file query-v8.pdb (PDB, C-alpha atoms, pLDDT in the B column)
ATOM      1  CA  MET A 154      49.128  74.576  73.624  1.00 84.00           C
ATOM      2  CA  PHE A 155      50.092  78.129  72.728  1.00 86.00           C
ATOM      3  CA  THR A 156      48.496  81.343  71.531  1.00 91.00           C
ATOM      4  CA  ILE A 157      49.840  84.127  69.311  1.00 91.00           C
ATOM      5  CA  GLU A 158      48.500  87.677  69.452  1.00 93.00           C
ATOM      6  CA  HIS A 159      49.663  90.660  67.396  1.00 93.00           C
ATOM      7  CA  GLU A 160      49.466  93.897  69.348  1.00 91.00           C
ATOM      8  CA  PHE A 161      50.369  97.449  68.296  1.00 90.00           C
ATOM      9  CA  ASP A 162      54.077  97.239  69.127  1.00 92.00           C
ATOM     10  CA  ALA A 163      54.672  93.568  69.924  1.00 92.00           C
ATOM     11  CA  THR A 164      53.809  89.990  69.108  1.00 92.00           C
ATOM     12  CA  VAL A 165      52.777  88.095  72.245  1.00 92.00           C
ATOM     13  CA  ILE A 166      53.146  84.314  72.439  1.00 91.00           C
ATOM     14  CA  THR A 167      51.744  82.461  75.452  1.00 92.00           C
ATOM     15  CA  LEU A 168      52.874  78.888  76.114  1.00 88.00           C
ATOM     16  CA  VAL A 169      50.322  76.994  78.189  1.00 91.00           C
ATOM     17  CA  ASP A 170      51.563  73.938  80.078  1.00 88.00           C
ATOM     18  CA  GLU A 171      49.211  70.982  79.833  1.00 85.00           C
ATOM     19  CA  LEU A 172      49.385  67.282  80.554  1.00 76.00           C
ATOM     20  CA  PRO A 173      50.415  65.032  77.662  1.00 72.00           C
ATOM     21  CA  ARG A 174      47.533  63.421  75.800  1.00 69.00           C
ATOM     22  CA  GLY A 175      46.560  60.005  77.110  1.00 64.00           C
ATOM     23  CA  SER A 176      48.450  60.482  80.363  1.00 57.00           C
ATOM     24  CA  GLY A 177      45.413  59.665  82.486  1.00 59.00           C
ATOM     25  CA  ALA A 178      46.001  60.887  86.030  1.00 57.00           C
ATOM     26  CA  ALA A 179      48.307  63.843  86.517  1.00 62.00           C
ATOM     27  CA  THR A 180      51.874  62.570  86.173  1.00 71.00           C
ATOM     28  CA  ARG A 181      53.514  65.878  87.078  1.00 76.00           C
ATOM     29  CA  PRO A 182      52.467  69.270  88.380  1.00 80.00           C
ATOM     30  CA  LEU A 183      51.601  71.882  85.777  1.00 87.00           C
ATOM     31  CA  ASN A 184      53.881  74.902  85.420  1.00 91.00           C
ATOM     32  CA  GLU A 185      52.703  78.490  85.072  1.00 94.00           C
ATOM     33  CA  ASP A 186      52.162  79.897  81.565  1.00 95.00           C
ATOM     34  CA  VAL A 187      55.171  81.421  79.798  1.00 96.00           C
ATOM     35  CA  VAL A 188      54.537  84.726  78.025  1.00 96.00           C
ATOM     36  CA  ILE A 189      56.937  85.860  75.286  1.00 96.00           C
ATOM     37  CA  GLN A 190      56.690  89.432  74.026  1.00 96.00           C
ATOM     38  CA  SER A 191      58.615  90.157  70.820  1.00 95.00           C
ATOM     39  CA  PHE A 192      59.462  93.792  70.031  1.00 96.00           C
ATOM     40  CA  ASP A 193      61.634  95.264  67.241  1.00 95.00           C
ATOM     41  CA  ASP A 194      64.735  95.389  69.460  1.00 95.00           C
ATOM     42  CA  ARG A 195      64.173  92.859  72.252  1.00 96.00           C
ATOM     43  CA  VAL A 196      62.259  89.820  73.460  1.00 96.00           C
ATOM     44  CA  ILE A 197      60.809  89.606  76.978  1.00 97.00           C
ATOM     45  CA  ILE A 198      60.080  86.209  78.536  1.00 97.00           C
ATOM     46  CA  GLU A 199      57.868  86.173  81.650  1.00 97.00           C
ATOM     47  CA  GLN A 200      56.592  83.501  84.001  1.00 97.00           C
ATOM     48  CA  TYR A 201      54.802  83.835  87.331  1.00 97.00           C
ATOM     49  CA  ASP A 202      56.733  82.238  90.205  1.00 95.00           C
ATOM     50  CA  PRO A 203      54.221  80.807  92.695  1.00 92.00           C
ATOM     51  CA  ASP A 204      56.963  80.334  95.320  1.00 93.00           C
ATOM     52  CA  THR A 205      57.799  84.052  95.501  1.00 95.00           C
ATOM     53  CA  GLY A 206      54.505  85.451  94.231  1.00 95.00           C
ATOM     54  CA  GLU A 207      56.462  87.538  91.700  1.00 97.00           C
ATOM     55  CA  LEU A 208      56.717  87.672  87.943  1.00 97.00           C
ATOM     56  CA  ALA A 209      60.119  86.447  86.733  1.00 97.00           C
ATOM     57  CA  GLN A 210      61.310  88.308  83.641  1.00 97.00           C
ATOM     58  CA  ILE A 211      64.178  87.781  81.191  1.00 97.00           C
ATOM     59  CA  VAL A 212      65.036  90.357  78.515  1.00 98.00           C
ATOM     60  CA  LEU A 213      67.001  89.201  75.457  1.00 97.00           C
ATOM     61  CA  THR A 214      68.335  91.319  72.613  1.00 96.00           C
ATOM     62  CA  ILE A 215      67.490  90.119  69.120  1.00 93.00           C
ATOM     63  CA  GLU A 216      71.140  89.034  68.760  1.00 93.00           C
ATOM     64  CA  GLN A 217      70.905  86.926  71.936  1.00 94.00           C
ATOM     65  CA  LEU A 218      67.698  85.358  70.626  1.00 92.00           C
ATOM     66  CA  ASP A 219      69.456  84.470  67.351  1.00 90.00           C
ATOM     67  CA  GLU A 220      72.273  82.839  69.326  1.00 91.00           C
ATOM     68  CA  LEU A 221      69.806  80.893  71.485  1.00 92.00           C
ATOM     69  CA  ARG A 222      67.979  79.683  68.379  1.00 89.00           C
ATOM     70  CA  ALA A 223      71.264  78.484  66.844  1.00 89.00           C
ATOM     71  CA  ALA A 224      72.445  76.905  70.114  1.00 90.00           C
ATOM     72  CA  LEU A 225      69.371  74.684  70.315  1.00 85.00           C
ATOM     73  CA  ASN A 226      70.483  72.905  67.134  1.00 84.00           C
ATOM     74  CA  LEU A 227      74.262  72.668  67.656  1.00 86.00           C
ATOM     75  CA  PRO A 228      76.447  70.139  69.457  1.00 88.00           C
ATOM     76  CA  GLU A 229      78.533  71.034  72.502  1.00 86.00           C
ATOM     77  CA  GLY A 230      81.222  73.631  71.800  1.00 87.00           C
ATOM     78  CA  ASN A 231      82.022  77.353  71.525  1.00 90.00           C
ATOM     79  CA  TYR A 232      80.471  79.332  68.697  1.00 88.00           C
ATOM     80  CA  ARG A 233      80.209  82.883  67.377  1.00 85.00           C
ATOM     81  CA  LEU A 234      77.570  83.894  64.860  1.00 83.00           C
ATOM     82  CA  GLU A 235      78.760  86.172  62.087  1.00 84.00           C
ATOM     83  CA  ARG A 236      76.606  89.309  61.807  1.00 77.00           C
ATOM     84  CA  ARG A 237      75.713  90.687  58.388  1.00 76.00           C
TER      85      ARG A 237
END
call {"tool": "encode", "arguments": {"input": "query-v8.pdb", "output": "structure tokens"}}
result
Amino acid sequence: MFTIEHEFDATVITLVDELPRGSGAATRPLNEDVVIQSFDDRVIIEQYDPDTGELAQIVLTIEQLDELRAALNLPEGNYRLERR
């Protein structure tokens, strides 16, 4: 499940971990929610770490996000995206 909210300066996507449908008893522990905040110049990915009690945060530039998106659909290898 996920939610999308449009705020003044960002779009916030929250990914909620849930058990697969029809799984019956819990087959694995649930993970904390992942919150993705998309700004004009960066994307921030956050997830609470229950082991440390801290919020883990990753900041990606829009260019890094484009490369990640492309990498998810490419076979193993080295690539460079051409910028327009």
call {"tool": "atom_distance", "arguments": {"input": "query-v8.pdb", "atom1": "atom CA of Leu172 of chain A", "atom2": "atom CA of Pro228 of chain A"}}
result
29.4 Å
call {"tool": "residues_around", "arguments": {"input": "query-v8.pdb", "residues": "Thr156 of chain A", "least_positions_apart": "3", "cutoff": "10 Å", "atoms": "all atoms listed in the file", "output": "count of residues only"}}
result
6
call {"tool": "residues_around", "arguments": {"input": "query-v8.pdb", "residues": "Asp162 of chain A", "least_positions_apart": "2", "cutoff": "8 Å", "atoms": "all atoms listed in the file", "output": "number ranges by chain"}}
result
A: 160, 164, 192
call {"tool": "write_last_selection", "arguments": {"input": "query-v8.pdb", "atoms": "C-alpha atoms", "output": "PDB file, in the frame of the given file"}}
result
ATOM      1  CA  GLU A 160      49.466  93.897  69.348  1.00 91.00           C
ATOM      2  CA  THR A 164      53.809  89.990  69.108  1.00 92.00           C
ATOM      3  CA  PHE A 192      59.462  93.792  70.031  1.00 96.00           C
TER       4      PHE A 192
END
call {"tool": "resolve_selection", "arguments": {"input": "query-v8.pdb", "expression": "the PyMOL selection byres ((chain A and resi 183) around 9)", "output": "PDB file with C-alpha atoms, in the frame of the given file"}}
result
ATOM      1  CA  ASP A 170      51.563  73.938  80.078  1.00 88.00           C
ATOM      2  CA  GLU A 171      49.211  70.982  79.833  1.00 85.00           C
ATOM      3  CA  LEU A 172      49.385  67.282  80.554  1.00 76.00           C
ATOM      4  CA  ALA A 179      48.307  63.843  86.517  1.00 62.00           C
ATOM      5  CA  ARG A 181      53.514  65.878  87.078  1.00 76.00           C
ATOM      6  CA  PRO A 182      52.467  69.270  88.380  1.00 80.00           C
ATOM      7  CA  ASN A 184      53.881  74.902  85.420  1.00 91.00           C
ATOM      8  CA  GLU A 185      52.703  78.490  85.072  1.00 94.00           C
TER       9      GLU A 185
END
call {"tool": "closest_residue", "arguments": {"input": "query-v8.pdb", "among": "A:Met154, A:Glu235, A:His159, A:Pro173", "to": "Asp186 of chain A", "atoms": "only C-alpha atoms"}}
result
A:Met154
call {"tool": "closest_residue", "arguments": {"input": "query-v8.pdb", "among": "A:Ala224, A:Leu213, A:Ala163, A:Ile157", "to": "Asp193 of chain A", "atoms": "all atoms listed in the file"}}
result
A:Ala163
call {"tool": "resolve_selection", "arguments": {"input": "query-v8.pdb", "expression": "the PyMOL selection byres ((chain A and resi 197) around 7)", "output": "count of residues only"}}
result
11
call {"tool": "atom_distance", "arguments": {"input": "query-v8.pdb", "atom1": "atom CA of Arg237 of chain A", "atom2": "atom CA of Leu221 of chain A"}}
result
17.4 Å
call {"tool": "atom_distance", "arguments": {"input": "query-v8.pdb", "atom1": "atom CA of Arg222 of chain A", "atom2": "atom CA of Phe161 of chain A"}}
result
25.0 Å
call {"tool": "closest_residue", "arguments": {"input": "query-v8.pdb", "among": "A:Gln217, A:Thr180, A:Thr205, A:Gln200", "to": "Leu234 of chain A", "atoms": "only C-alpha atoms"}}
result
A:Gln217
call {"tool": "closest_residue", "arguments": {"input": "query-v8.pdb", "among": "A:Ala223, A:Asn231, A:Phe155, A:Val187", "to": "Ala209 of chain A", "atoms": "only C-alpha atoms"}}
result
A:Val187
call {"tool": "build_atoms", "arguments": {"input": "query-v8.pdb", "residues": "segment 170-204 of chain A", "atoms": "N, CA and C atoms", "output": "compact mmCIF listing (two decimals), in the coordinates of the input"}}
result
# COMPACT_ATOMS: atom_id res chain seq x y z
N ASP A 170 51.16 75.29 79.70
CA ASP A 170 51.56 73.94 80.08
C ASP A 170 50.30 73.09 80.23
N GLU A 171 50.34 71.89 79.68
CA GLU A 171 49.21 70.98 79.83
C GLU A 171 49.75 69.55 79.89
N LEU A 172 48.97 68.67 80.44
CA LEU A 172 49.38 67.28 80.55
C LEU A 172 49.42 66.64 79.18
N PRO A 173 50.36 65.73 78.95
CA PRO A 173 50.42 65.03 77.66
C PRO A 173 49.12 64.27 77.41
N ARG A 174 48.75 64.17 76.16
CA ARG A 174 47.53 63.42 75.80
C ARG A 174 47.66 61.97 76.23
N GLY A 175 46.58 61.41 76.73
CA GLY A 175 46.56 60.00 77.11
C GLY A 175 47.33 59.69 78.38
N SER A 176 47.66 60.74 79.16
CA SER A 176 48.45 60.48 80.36
C SER A 176 47.60 60.01 81.53
N GLY A 177 46.28 60.09 81.38
CA GLY A 177 45.41 59.66 82.49
C GLY A 177 45.54 60.60 83.66
N ALA A 178 45.84 60.06 84.83
CA ALA A 178 46.00 60.89 86.03
C ALA A 178 47.23 61.79 85.87
N ALA A 179 47.20 62.88 86.59
CA ALA A 179 48.31 63.84 86.52
C ALA A 179 49.62 63.16 86.87
N THR A 180 50.58 63.20 85.94
CA THR A 180 51.87 62.57 86.17
C THR A 180 52.91 63.56 86.68
N ARG A 181 52.61 64.84 86.60
CA ARG A 181 53.51 65.88 87.08
C ARG A 181 52.70 67.14 87.32
N PRO A 182 53.19 68.02 88.16
CA PRO A 182 52.47 69.27 88.38
C PRO A 182 52.59 70.19 87.16
N LEU A 183 51.56 70.94 86.89
CA LEU A 183 51.60 71.88 85.78
C LEU A 183 52.41 73.11 86.17
N ASN A 184 53.14 73.67 85.21
CA ASN A 184 53.88 74.90 85.42
C ASN A 184 53.03 76.09 85.00
N GLU A 185 53.40 77.27 85.47
CA GLU A 185 52.70 78.49 85.07
C GLU A 185 52.94 78.76 83.59
N ASP A 186 52.02 79.52 82.97
CA ASP A 186 52.16 79.90 81.56
C ASP A 186 53.44 80.72 81.37
N VAL A 187 54.03 80.61 80.19
CA VAL A 187 55.17 81.42 79.80
C VAL A 187 54.68 82.40 78.75
N VAL A 188 54.95 83.69 78.96
CA VAL A 188 54.54 84.73 78.03
C VAL A 188 55.78 85.31 77.38
N ILE A 189 55.80 85.33 76.05
CA ILE A 189 56.94 85.86 75.29
C ILE A 189 56.44 87.06 74.49
N GLN A 190 57.04 88.22 74.74
CA GLN A 190 56.69 89.43 74.03
C GLN A 190 57.85 89.80 73.11
N SER A 191 57.58 89.88 71.81
CA SER A 191 58.62 90.16 70.82
C SER A 191 58.43 91.58 70.28
N PHE A 192 59.44 92.42 70.52
CA PHE A 192 59.46 93.79 70.03
C PHE A 192 60.50 93.89 68.91
N ASP A 193 60.65 95.07 68.31
CA ASP A 193 61.63 95.26 67.24
C ASP A 193 63.06 95.05 67.72
N ASP A 194 63.36 95.40 68.98
CA ASP A 194 64.74 95.39 69.46
C ASP A 194 65.00 94.44 70.62
N ARG A 195 63.98 93.73 71.10
CA ARG A 195 64.17 92.86 72.25
C ARG A 195 63.03 91.85 72.35
N VAL A 196 63.28 90.82 73.15
CA VAL A 196 62.26 89.82 73.46
C VAL A 196 62.20 89.71 74.98
N ILE A 197 61.00 89.72 75.54
CA ILE A 197 60.81 89.61 76.98
C ILE A 197 60.08 88.29 77.26
N ILE A 198 60.67 87.49 78.14
CA ILE A 198 60.08 86.21 78.54
C ILE A 198 59.66 86.33 79.99
N GLU A 199 58.40 86.03 80.29
CA GLU A 199 57.87 86.17 81.65
C GLU A 199 57.19 84.88 82.10
N GLN A 200 57.32 84.61 83.40
CA GLN A 200 56.59 83.50 84.00
C GLN A 200 56.36 83.82 85.47
N TYR A 201 55.14 83.63 85.92
CA TYR A 201 54.80 83.84 87.33
C TYR A 201 55.47 82.75 88.17
N ASP A 202 56.09 83.17 89.27
CA ASP A 202 56.73 82.24 90.20
C ASP A 202 55.84 82.10 91.42
N PRO A 203 55.14 80.97 91.57
CA PRO A 203 54.22 80.81 92.70
C PRO A 203 54.94 80.75 94.05
N ASP A 204 56.22 80.39 94.06
CA ASP A 204 56.96 80.33 95.32
C ASP A 204 57.22 81.72 95.90
